[in-house]
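Undergrad: My structure file run_31.pdb, PDB, C-alpha atoms and all ligand atoms, is below:
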ATOM      1  CA  MET A   1      60.046  21.179  -4.390  1.00  0.00           C
ATOM      2  CA  ALA A   2      62.458  19.229  -6.647  1.00  0.00           C
ATOM      3  CA  LYS A   3      65.099  17.042  -4.970  1.00  0.00           C
ATOM      4  CA  SER A   4      67.943  19.058  -6.568  1.00  0.00           C
ATOM      5  CA  THR A   5      66.512  22.346  -5.200  1.00  0.00           C
ATOM      6  CA  ILE A   6      66.336  20.879  -1.687  1.00  0.00           C
ATOM      7  CA  ALA A   7      69.933  19.605  -1.975  1.00  0.00           C
ATOM      8  CA  SER A   8      71.192  22.955  -3.264  1.00  0.00           C
ATOM      9  CA  THR A   9      69.402  24.867  -0.474  1.00  0.00           C
ATOM     10  CA  ALA A  10      70.797  22.465   2.138  1.00  0.00           C
ATOM     11  CA  TRP A  11      74.342  22.909   0.796  1.00  0.00           C
ATOM     12  CA  ARG A  12      74.016  26.681   0.797  1.00  0.00           C
ATOM     13  CA  LEU A  13      72.706  26.646   4.372  1.00  0.00           C
ATOM     14  CA  VAL A  14      75.619  24.514   5.596  1.00  0.00           C
ATOM     15  CA  LEU A  15      78.197  26.635   3.731  1.00  0.00           C
ATOM     16  CA  SER A  16      76.614  29.876   4.996  1.00  0.00           C
ATOM     17  CA  PHE A  17      76.730  28.670   8.592  1.00  0.00           C
ATOM     18  CA  LEU A  18      80.392  27.584   8.292  1.00  0.00           C
ATOM     19  CA  SER A  19      81.397  30.807   6.466  1.00  0.00           C
ATOM     20  CA  LEU A  20      79.871  33.018   9.132  1.00  0.00           C
ATOM     21  CA  ALA A  21      81.355  30.919  11.952  1.00  0.00           C
ATOM     22  CA  ILE A  22      84.908  31.094  10.520  1.00  0.00           C
ATOM     23  CA  ALA A  23      84.470  34.800   9.657  1.00  0.00           C
ATOM     24  CA  GLY A  24      83.551  35.357  13.322  1.00  0.00           C
ATOM     25  CA  TYR A  25      86.686  33.482  14.349  1.00  0.00           C
ATOM     26  CA  GLY A  26      88.788  35.705  12.027  1.00  0.00           C
ATOM     27  CA  ILE A  27      87.325  38.859  13.585  1.00  0.00           C
ATOM     28  CA  TYR A  28      87.921  37.446  17.063  1.00  0.00           C
ATOM     29  CA  ILE A  29      91.637  36.848  16.265  1.00  0.00           C
ATOM     30  CA  LEU A  30      91.863  40.321  14.627  1.00  0.00           C
ATOM     31  CA  ILE A  31      90.622  41.992  17.814  1.00  0.00           C
ATOM     32  CA  GLN A  32      92.331  39.738  20.355  1.00  0.00           C
ATOM     33  CA  TYR A  33      95.802  38.941  18.980  1.00  0.00           C
ATOM     34  CA  PRO A  34      97.480  42.287  19.952  1.00  0.00           C
ATOM     35  CA  SER A  35      96.560  41.806  23.630  1.00  0.00           C
ATOM     36  CA  MET A  36      97.307  38.079  23.910  1.00  0.00           C
ATOM     37  CA  THR A  37      99.848  37.389  26.627  1.00  0.00           C
ATOM     38  CA  ASP A  38      99.905  33.608  26.934  1.00  0.00           C
ATOM     39  CA  SER A  39     103.017  32.554  24.996  1.00  0.00           C
ATOM     40  CA  ALA A  40     101.402  29.150  24.448  1.00  0.00           C
ATOM     41  CA  ASP A  41      98.731  30.830  22.327  1.00  0.00           C
ATOM     42  CA  PHE A  42      99.602  30.340  18.661  1.00  0.00           C
ATOM     43  CA  ALA A  43      98.285  33.816  17.670  1.00  0.00           C
ATOM     44  CA  VAL A  44     100.907  35.555  19.848  1.00  0.00           C
ATOM     45  CA  LYS A  45     103.363  35.048  16.968  1.00  0.00           C
ATOM     46  CA  PHE A  46     101.431  37.604  14.862  1.00  0.00           C
ATOM     47  CA  GLN A  47     102.361  40.389  17.338  1.00  0.00           C
ATOM     48  CA  GLY A  48     105.920  40.295  15.971  1.00  0.00           C
ATOM     49  CA  LEU A  49     104.759  40.728  12.357  1.00  0.00           C
ATOM     50  CA  ASN A  50     103.792  43.830  10.346  1.00  0.00           C
ATOM     51  CA  PRO A  51     100.309  44.805  11.662  1.00  0.00           C
ATOM     52  CA  PHE A  52      99.192  46.255   8.303  1.00  0.00           C
ATOM     53  CA  PHE A  53      99.535  42.904   6.503  1.00  0.00           C
ATOM     54  CA  VAL A  54      98.355  40.825   9.463  1.00  0.00           C
ATOM     55  CA  GLN A  55      95.197  42.905   9.980  1.00  0.00           C
ATOM     56  CA  SER A  56      94.574  43.188   6.239  1.00  0.00           C
ATOM     57  CA  HIS A  57      94.600  39.373   6.071  1.00  0.00           C
ATOM     58  CA  PHE A  58      92.289  38.773   9.039  1.00  0.00           C
ATOM     59  CA  LEU A  59      89.799  41.511   8.120  1.00  0.00           C
ATOM     60  CA  GLY A  60      89.888  40.804   4.357  1.00  0.00           C
ATOM     61  CA  GLY A  61      89.529  37.050   5.003  1.00  0.00           C
ATOM     62  CA  ALA A  62      86.514  37.535   7.268  1.00  0.00           C
ATOM     63  CA  LEU A  63      84.850  39.910   4.757  1.00  0.00           C
ATOM     64  CA  ALA A  64      85.599  37.536   1.869  1.00  0.00           C
ATOM     65  CA  LEU A  65      83.758  34.754   3.738  1.00  0.00           C
ATOM     66  CA  ILE A  66      80.802  37.023   4.624  1.00  0.00           C
ATOM     67  CA  THR A  67      80.433  38.365   1.066  1.00  0.00           C
ATOM     68  CA  ALA A  68      80.860  34.860  -0.411  1.00  0.00           C
ATOM     69  CA  CYS A  69      78.063  33.714   1.903  1.00  0.00           C
ATOM     70  CA  PHE A  70      75.725  36.533   0.736  1.00  0.00           C
ATOM     71  CA  GLN A  71      76.617  35.795  -2.883  1.00  0.00           C
ATOM     72  CA  LEU A  72      75.391  32.202  -2.448  1.00  0.00           C
ATOM     73  CA  TRP A  73      71.879  33.646  -2.005  1.00  0.00           C
ATOM     74  CA  SER A  74      71.928  36.658  -4.354  1.00  0.00           C
ATOM     75  CA  LYS A  75      70.187  36.738  -7.738  1.00  0.00           C
ATOM     76  CA  PRO A  76      72.881  36.571 -10.479  1.00  0.00           C
ATOM     77  CA  GLY A  77      73.045  39.740 -12.567  1.00  0.00           C
ATOM     78  CA  GLY A  78      71.040  41.913 -10.129  1.00  0.00           C
ATOM     79  CA  ALA A  79      72.326  45.157  -8.565  1.00  0.00           C
ATOM     80  CA  CYS A  80      72.808  43.394  -5.225  1.00  0.00           C
ATOM     81  CA  HIS A  81      74.888  40.628  -6.874  1.00  0.00           C
ATOM     82  CA  LYS A  82      77.155  43.253  -8.496  1.00  0.00           C
ATOM     83  CA  PHE A  83      77.572  45.270  -5.288  1.00  0.00           C
ATOM     84  CA  ILE A  84      78.442  42.203  -3.187  1.00  0.00           C
ATOM     85  CA  GLY A  85      80.684  40.984  -6.017  1.00  0.00           C
ATOM     86  CA  TYR A  86      82.832  44.128  -5.929  1.00  0.00           C
ATOM     87  CA  ALA A  87      82.973  44.009  -2.116  1.00  0.00           C
ATOM     88  CA  TYR A  88      84.125  40.364  -2.457  1.00  0.00           C
ATOM     89  CA  VAL A  89      86.936  41.336  -4.866  1.00  0.00           C
ATOM     90  CA  ILE A  90      88.195  44.070  -2.505  1.00  0.00           C
ATOM     91  CA  SER A  91      88.063  41.648   0.450  1.00  0.00           C
ATOM     92  CA  VAL A  92      89.924  38.894  -1.428  1.00  0.00           C
ATOM     93  CA  SER A  93      92.588  41.415  -2.517  1.00  0.00           C
ATOM     94  CA  MET A  94      93.113  42.589   1.076  1.00  0.00           C
ATOM     95  CA  ALA A  95      93.271  39.029   2.411  1.00  0.00           C
ATOM     96  CA  ALA A  96      95.554  37.737  -0.345  1.00  0.00           C
ATOM     97  CA  VAL A  97      98.090  40.583  -0.043  1.00  0.00           C
ATOM     98  CA  GLY A  98      98.300  39.929   3.716  1.00  0.00           C
ATOM     99  CA  GLY A  99      98.271  36.166   3.038  1.00  0.00           C
ATOM    100  CA  CYS A 100     101.365  36.377   0.768  1.00  0.00           C
ATOM    101  CA  TYR A 101     103.181  38.197   3.562  1.00  0.00           C
ATOM    102  CA  LEU A 102     102.069  35.675   6.214  1.00  0.00           C
ATOM    103  CA  ALA A 103     103.097  32.778   3.953  1.00  0.00           C
ATOM    104  CA  CYS A 104     106.711  33.993   4.295  1.00  0.00           C
ATOM    105  CA  TYR A 105     106.438  33.408   8.071  1.00  0.00           C
ATOM    106  CA  SER A 106     104.367  30.249   7.954  1.00  0.00           C
ATOM    107  CA  TYR A 107     104.439  27.895  10.926  1.00  0.00           C
ATOM    108  CA  LEU A 108     106.449  25.092   9.276  1.00  0.00           C
ATOM    109  CA  GLY A 109     108.534  27.307   6.969  1.00  0.00           C
ATOM    110  CA  TRP A 110     108.638  26.884   3.187  1.00  0.00           C
ATOM    111  CA  SER A 111     106.718  23.563   3.113  1.00  0.00           C
ATOM    112  CA  THR A 112     103.479  25.171   4.338  1.00  0.00           C
ATOM    113  CA  GLY A 113     104.445  28.674   3.118  1.00  0.00           C
ATOM    114  CA  ALA A 114     104.609  27.404  -0.493  1.00  0.00           C
ATOM    115  CA  ALA A 115     101.125  25.907  -0.137  1.00  0.00           C
ATOM    116  CA  PHE A 116      99.637  29.188   1.120  1.00  0.00           C
ATOM    117  CA  LEU A 117     101.538  31.301  -1.418  1.00  0.00           C
ATOM    118  CA  THR A 118     100.296  29.112  -4.306  1.00  0.00           C
ATOM    119  CA  LEU A 119      96.768  29.357  -2.927  1.00  0.00           C
ATOM    120  CA  ASP A 120      97.033  33.163  -2.690  1.00  0.00           C
ATOM    121  CA  VAL A 121      98.210  33.521  -6.290  1.00  0.00           C
ATOM    122  CA  LEU A 122      95.481  31.193  -7.634  1.00  0.00           C
ATOM    123  CA  TRP A 123      92.873  32.916  -5.428  1.00  0.00           C
ATOM    124  CA  ILE A 124      93.698  36.378  -6.815  1.00  0.00           C
ATOM    125  CA  PHE A 125      93.970  35.059 -10.388  1.00  0.00           C
ATOM    126  CA  SER A 126      90.609  33.261 -10.413  1.00  0.00           C
ATOM    127  CA  THR A 127      88.829  36.188  -8.702  1.00  0.00           C
ATOM    128  CA  PHE A 128      90.094  38.811 -11.172  1.00  0.00           C
ATOM    129  CA  TYR A 129      89.698  36.503 -14.207  1.00  0.00           C
ATOM    130  CA  GLY A 130      86.109  35.888 -13.093  1.00  0.00           C
ATOM    131  CA  ILE A 131      85.379  39.620 -12.797  1.00  0.00           C
ATOM    132  CA  PHE A 132      87.001  40.485 -16.155  1.00  0.00           C
ATOM    133  CA  SER A 133      84.963  37.703 -17.792  1.00  0.00           C
ATOM    134  CA  ALA A 134      81.748  39.293 -16.478  1.00  0.00           C
ATOM    135  CA  LEU A 135      82.840  42.745 -17.681  1.00  0.00           C
ATOM    136  CA  LYS A 136      83.479  41.262 -21.138  1.00  0.00           C
ATOM    137  CA  GLY A 137      80.001  39.679 -21.064  1.00  0.00           C
ATOM    138  CA  ASN A 138      81.215  36.060 -20.875  1.00  0.00           C
ATOM    139  CA  GLN A 139      78.809  34.794 -18.207  1.00  0.00           C
ATOM    140  CA  GLN A 140      79.860  31.149 -18.472  1.00  0.00           C
ATOM    141  CA  ALA A 141      83.540  31.941 -17.771  1.00  0.00           C
ATOM    142  CA  HIS A 142      82.427  34.329 -15.002  1.00  0.00           C
ATOM    143  CA  ARG A 143      80.433  31.565 -13.278  1.00  0.00           C
ATOM    144  CA  ARG A 144      83.216  28.986 -13.606  1.00  0.00           C
ATOM    145  CA  TRP A 145      86.027  31.241 -12.328  1.00  0.00           C
ATOM    146  CA  MET A 146      84.015  32.719  -9.458  1.00  0.00           C
ATOM    147  CA  MET A 147      83.079  29.204  -8.320  1.00  0.00           C
ATOM    148  CA  ARG A 148      86.790  28.328  -8.284  1.00  0.00           C
ATOM    149  CA  SER A 149      87.508  31.542  -6.358  1.00  0.00           C
ATOM    150  CA  ILE A 150      84.827  30.782  -3.760  1.00  0.00           C
ATOM    151  CA  ALA A 151      86.104  27.186  -3.442  1.00  0.00           C
ATOM    152  CA  MET A 152      89.469  28.719  -2.497  1.00  0.00           C
ATOM    153  CA  THR A 153      87.857  31.168  -0.046  1.00  0.00           C
ATOM    154  CA  PHE A 154      86.282  28.121   1.608  1.00  0.00           C
ATOM    155  CA  ALA A 155      89.801  26.689   2.082  1.00  0.00           C
ATOM    156  CA  ALA A 156      89.754  28.745   5.316  1.00  0.00           C
ATOM    157  CA  ILE A 157      86.836  26.537   6.429  1.00  0.00           C
ATOM    158  CA  SER A 158      88.322  23.218   5.228  1.00  0.00           C
ATOM    159  CA  LEU A 159      91.611  23.996   6.973  1.00  0.00           C
ATOM    160  CA  ARG A 160      89.916  24.422  10.326  1.00  0.00           C
ATOM    161  CA  LEU A 161      87.744  21.321   9.880  1.00  0.00           C
ATOM    162  CA  GLN A 162      90.542  19.071   8.592  1.00  0.00           C
ATOM    163  CA  ILE A 163      93.197  19.906  11.216  1.00  0.00           C
ATOM    164  CA  PRO A 164      91.371  18.607  14.321  1.00  0.00           C
ATOM    165  CA  LEU A 165      90.161  15.588  12.336  1.00  0.00           C
ATOM    166  CA  LEU A 166      93.645  14.610  11.122  1.00  0.00           C
ATOM    167  CA  MET A 167      95.169  15.268  14.565  1.00  0.00           C
ATOM    168  CA  LEU A 168      93.074  12.399  15.895  1.00  0.00           C
ATOM    169  CA  PHE A 169      95.296  10.066  13.858  1.00  0.00           C
ATOM    170  CA  ILE A 170      98.653  11.751  13.238  1.00  0.00           C
ATOM    171  CA  ASP A 171     101.159  14.169  14.762  1.00  0.00           C
ATOM    172  CA  GLY A 172     100.211  17.897  14.741  1.00  0.00           C
ATOM    173  CA  GLU A 173     103.021  19.124  12.442  1.00  0.00           C
ATOM    174  CA  LEU A 174     102.408  16.438   9.815  1.00  0.00           C
ATOM    175  CA  ALA A 175      98.682  17.187  10.019  1.00  0.00           C
ATOM    176  CA  TYR A 176      99.362  20.904   9.412  1.00  0.00           C
ATOM    177  CA  LEU A 177     101.587  20.147   6.407  1.00  0.00           C
ATOM    178  CA  ILE A 178      98.986  17.866   4.813  1.00  0.00           C
ATOM    179  CA  VAL A 179      96.154  20.306   5.509  1.00  0.00           C
ATOM    180  CA  ALA A 180      98.064  23.354   4.148  1.00  0.00           C
ATOM    181  CA  TRP A 181      97.903  21.675   0.716  1.00  0.00           C
ATOM    182  CA  GLY A 182      94.771  19.575   1.159  1.00  0.00           C
ATOM    183  CA  CYS A 183      92.509  22.415   2.363  1.00  0.00           C
ATOM    184  CA  TRP A 184      92.394  23.983  -1.117  1.00  0.00           C
ATOM    185  CA  ILE A 185      93.353  21.182  -3.538  1.00  0.00           C
ATOM    186  CA  ILE A 186      90.415  19.024  -2.368  1.00  0.00           C
ATOM    187  CA  ASN A 187      87.994  21.974  -2.713  1.00  0.00           C
ATOM    188  CA  LEU A 188      89.259  22.625  -6.255  1.00  0.00           C
ATOM    189  CA  ILE A 189      88.833  18.946  -7.221  1.00  0.00           C
ATOM    190  CA  PHE A 190      85.222  19.021  -5.949  1.00  0.00           C
ATOM    191  CA  VAL A 191      84.416  22.199  -7.844  1.00  0.00           C
ATOM    192  CA  GLU A 192      85.909  20.824 -11.097  1.00  0.00           C
ATOM    193  CA  ILE A 193      83.814  17.648 -10.773  1.00  0.00           C
ATOM    194  CA  TYR A 194      80.717  19.807 -10.165  1.00  0.00           C
ATOM    195  CA  LEU A 195      81.451  22.049 -13.166  1.00  0.00           C
ATOM    196  CA  ARG A 196      81.930  19.029 -15.461  1.00  0.00           C
ATOM    197  CA  ARG A 197      78.752  17.326 -14.246  1.00  0.00           C
ATOM    198  CA  LYS A 198      76.650  20.469 -14.638  1.00  0.00           C
ATOM    199  CA  LYS A 199      78.374  21.255 -17.971  1.00  0.00           C
ATOM    200  CA  TYR A 200      78.658  24.853 -16.803  1.00  0.00           C
TER     201      TYR A 200
HETATM  202  C1  LIG B 301      92.129  31.409   0.957  1.00  0.00           C
HETATM  203  C2  LIG B 301      93.310  31.955   0.988  1.00  0.00           C
HETATM  204  C3  LIG B 301      94.096  32.138   2.274  1.00  0.00           C
HETATM  205  C4  LIG B 301      95.438  32.009   2.411  1.00  0.00           C
HETATM  206  C5  LIG B 301      96.409  31.647   1.310  1.00  0.00           C
HETATM  207  C6  LIG B 301      95.763  32.241   3.797  1.00  0.00           C
HETATM  208  C7  LIG B 301      97.039  32.232   4.328  1.00  0.00           C
HETATM  209  C8  LIG B 301      97.334  32.289   5.678  1.00  0.00           C
HETATM  210  C9  LIG B 301      98.641  32.111   6.259  1.00  0.00           C
HETATM  211  C10 LIG B 301      99.920  31.854   5.482  1.00  0.00           C
HETATM  212  C11 LIG B 301      98.517  32.201   7.601  1.00  0.00           C
HETATM  213  C12 LIG B 301      99.638  32.017   8.650  1.00  0.00           C
HETATM  214  C13 LIG B 301      99.618  30.565   9.056  1.00  0.00           C
HETATM  215  C14 LIG B 301     100.969  30.038   9.455  1.00  0.00           C
HETATM  216  O1  LIG B 301     101.673  30.730  10.167  1.00  0.00           O
HETATM  217  O2  LIG B 301     101.293  28.899   9.049  1.00  0.00           O
HETATM  218  C15 LIG B 301      97.130  32.452   7.880  1.00  0.00           C
HETATM  219  C16 LIG B 301      96.591  32.593   9.143  1.00  0.00           C
HETATM  220  C17 LIG B 301      95.289  32.966   9.396  1.00  0.00           C
HETATM  221  N1  LIG B 301      94.314  33.214   8.457  1.00  0.00           N
HETATM  222 FE1  LIG B 301      94.481  32.927   6.476  1.00  0.00          FE
HETATM  223  N2  LIG B 301      94.610  32.521   4.485  1.00  0.00           N
HETATM  224  C18 LIG B 301      93.559  32.479   3.592  1.00  0.00           C
HETATM  225  C19 LIG B 301      92.231  32.740   3.861  1.00  0.00           C
HETATM  226  C20 LIG B 301      91.743  33.176   5.082  1.00  0.00           C
HETATM  227  C21 LIG B 301      90.371  33.547   5.337  1.00  0.00           C
HETATM  228  C22 LIG B 301      89.240  33.539   4.292  1.00  0.00           C
HETATM  229  C23 LIG B 301      90.292  33.863   6.640  1.00  0.00           C
HETATM  230  C24 LIG B 301      89.025  34.296   7.330  1.00  0.00           C
HETATM  231  C25 LIG B 301      88.747  34.084   8.533  1.00  0.00           C
HETATM  232  C26 LIG B 301      91.612  33.698   7.226  1.00  0.00           C
HETATM  233  C27 LIG B 301      91.959  33.915   8.554  1.00  0.00           C
HETATM  234  C28 LIG B 301      93.166  33.587   9.123  1.00  0.00           C
HETATM  235  C29 LIG B 301      93.410  33.563  10.548  1.00  0.00           C
HETATM  236  C30 LIG B 301      92.411  33.916  11.648  1.00  0.00           C
HETATM  237  C31 LIG B 301      94.738  33.172  10.715  1.00  0.00           C
HETATM  238  C32 LIG B 301      95.465  32.995  12.073  1.00  0.00           C
HETATM  239  C33 LIG B 301      95.939  31.591  12.278  1.00  0.00           C
HETATM  240  C34 LIG B 301      94.899  30.499  12.191  1.00  0.00           C
HETATM  241  O3  LIG B 301      93.792  30.620  12.736  1.00  0.00           O
HETATM  242  O4  LIG B 301      95.185  29.463  11.520  1.00  0.00           O
HETATM  243  N3  LIG B 301      92.470  33.284   6.244  1.00  0.00           N
HETATM  244  N4  LIG B 301      96.436  32.504   6.706  1.00  0.00           N
END
Could you write out this file's structure as structure tokens?
TA:
Amino acid sequence: MAKSTIASTAWRLVLSFLSLAIAGYGIYILIQYPSMTDSADFAVKFQGLNPFFVQSHFLGGALALITACFQLWSKPGGACHKFIGYAYVISVSMAAVGGCYLACYSYLGWSTGAAFLTLDVLWIFSTFYGIFSALKGNQQAHRRWMMRSIAMTFAAISLRLQIPLLMLFIDGELAYLIVAWGCWIINLIFVEIYLRRKKY
């Protein structure tokens, strides 16, 4: 097997594992947050918010990660790829609508809310632009925009990896502020470098 095939399979395995783990965490919070009683638990704050948007975000986010994971392994252009692709778009839409609402109540106010709101808008834009490109038959634009969309879906993973890492060195609130922006900007930089290298 060629070195590049081994590297690509290894990357997909790691990303699949992380996607499924964070999706599981999202489902856990979805089920548990209404009955949480410990006021020290951060998820208790969601009980005071509109359940439609909160649950739409948690469920849509988890499904977006699961469908993105399946899409990493599907054969482009096949019936399975199209079916998972539409499920991905519905999931992203659910998560992003809820995400815009949650951004208005973000932990540190506008400084982190603006980061999440920008991410939501770019997430929706790249996902729909990617789908319209495929419908118009422009496969290159479809690939590029869906890779950007998936990089933003994986911001949910980066966020939860970066926070504990940064908190080893700096105060929790500053870490959260940095990560709210860094969790998606770094992913987008990586994907742009990849797209340029591969000349996709
Ligand atoms: C990629 C775009 C996303 C945006 C813009 C976004 C936005 C947000 C916002 C604003 C909050 C509230 C945080 C706060 O109060 O500061 C939140 C919390 C949360 N989101 Fe997302 N989210 C995204 C993706 C996802 C995905 C894919 C999942 C899947 C698991 C997810 C699961 C959660 C969970 C479980 C919480 C509860 C708090 C936590 O664990 O940090 N989100 N999200």
Undergrad: Considering only C-alpha atoms, tabulate each residue of range 44-99 of chain A that lies at most 10 Å from range 123-132 of chain A along with its nearest interatomic pair and the corresponding distance in Å to one decimal; arrange the rows by chain and ascending residue number and present them as a Markdown table.
TA:
| residue | atom | partner | partner_atom | distance |
| --- | --- | --- | --- | --- |
| A:Lys82 | CA | A:Ile131 | CA | 10.0 |
| A:Gly85 | CA | A:Ile131 | CA | 8.4 |
| A:Tyr86 | CA | A:Ile131 | CA | 8.6 |
| A:Tyr88 | CA | A:Thr127 | CA | 8.9 |
| A:Val89 | CA | A:Thr127 | CA | 6.7 |
| A:Val92 | CA | A:Ile124 | CA | 7.0 |
| A:Ser93 | CA | A:Ile124 | CA | 6.7 |
| A:Ala95 | CA | A:Ile124 | CA | 9.6 |
| A:Ala96 | CA | A:Ile124 | CA | 6.9 |
| A:Val97 | CA | A:Ile124 | CA | 9.1 |
Undergrad: Please report the interatomic distance between CA of Gly48 in chain A and CA of Tyr33 in chain A in Å with one decimal.
TA: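 Answer for the CA of Gly48 in chain A to CA of Tyr33 in chain A separation: 10.6 Å.
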Undergrad: Give the residue list for ligand LIG 301 (chain B) at 8 Å, counting only C-alpha atoms and all ligand atoms, as a PyMOL selection string, sorted by chain and then by residue number.
TA: chain A and resi 22-30+42-43+57-65+92+95-96+98-109+112-113+115-120+123+152-157+159-160+184
Undergrad: Which of these residues is nearest to Pro164 in chain A, using all atoms listed in the file: A:Tyr176, A:Trp11, A:Phe83, A:Trp73?
TA: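 Answer, going by the shortest atom-to-atom distance: A:Tyr176.
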Undergrad: Nearest residue to Arg12 in chain A out of A:Leu72, A:Ile178, A:Ala79, A:Ile186, using all atoms listed in the file?
TA: A:Leu72
Undergrad: Using Å and a single decimal, report how far CA of Pro51 in chain A sits from CA of Asp38 in chain A.
TA: 18.9 Å
Undergrad: May I ask which of the residues A:Gln32, A:Asn187, A:Ser39, A:Ser16 is the closest one to Ser149 in chain A, counting only C-alpha atoms?
TA: A:Asn187
Undergrad: Between A:Leu18, A:Ala114, A:Leu122, A:Ile193, which one has atoms that come closest to Trp181 in chain A, using only C-alpha atoms?
TA: A:Ala114
Undergrad: Expressed in Å to a single decimal, how great is the separation between CA of Ile150 in chain A and CA of Leu165 in chain A?
TA: 22.8 Å
Undergrad: Measuring between all atoms listed in the file, which one of A:Arg144, A:Gln139, A:Ala2, A:Pro34 shows the shortest distance to Tyr194 in chain A?
TA: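 When distances to Tyr194 in chain A are compared using all atoms listed in the file, the smallest one comes from A:Arg144.
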Undergrad: With 5 Å added on each side, what axis-aligned box encloses every listed atom of range 44-52 of chain A? Give the centre and edge lengths in Å to one decimal, as lines of an AutoDock Vina configuration file.
TA:
center_x = 102.6
center_y = 40.7
center_z = 14.1
size_x = 16.7
size_y = 21.2
size_z = 21.5
Undergrad: For Met146 in chain A, which residue among A:Ser4, A:Asn50, A:Ser19, A:Ser133 is the nearest when counting only C-alpha atoms?
TA: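 Distance minimum relative to Met146 in chain A lands on A:Ser133.
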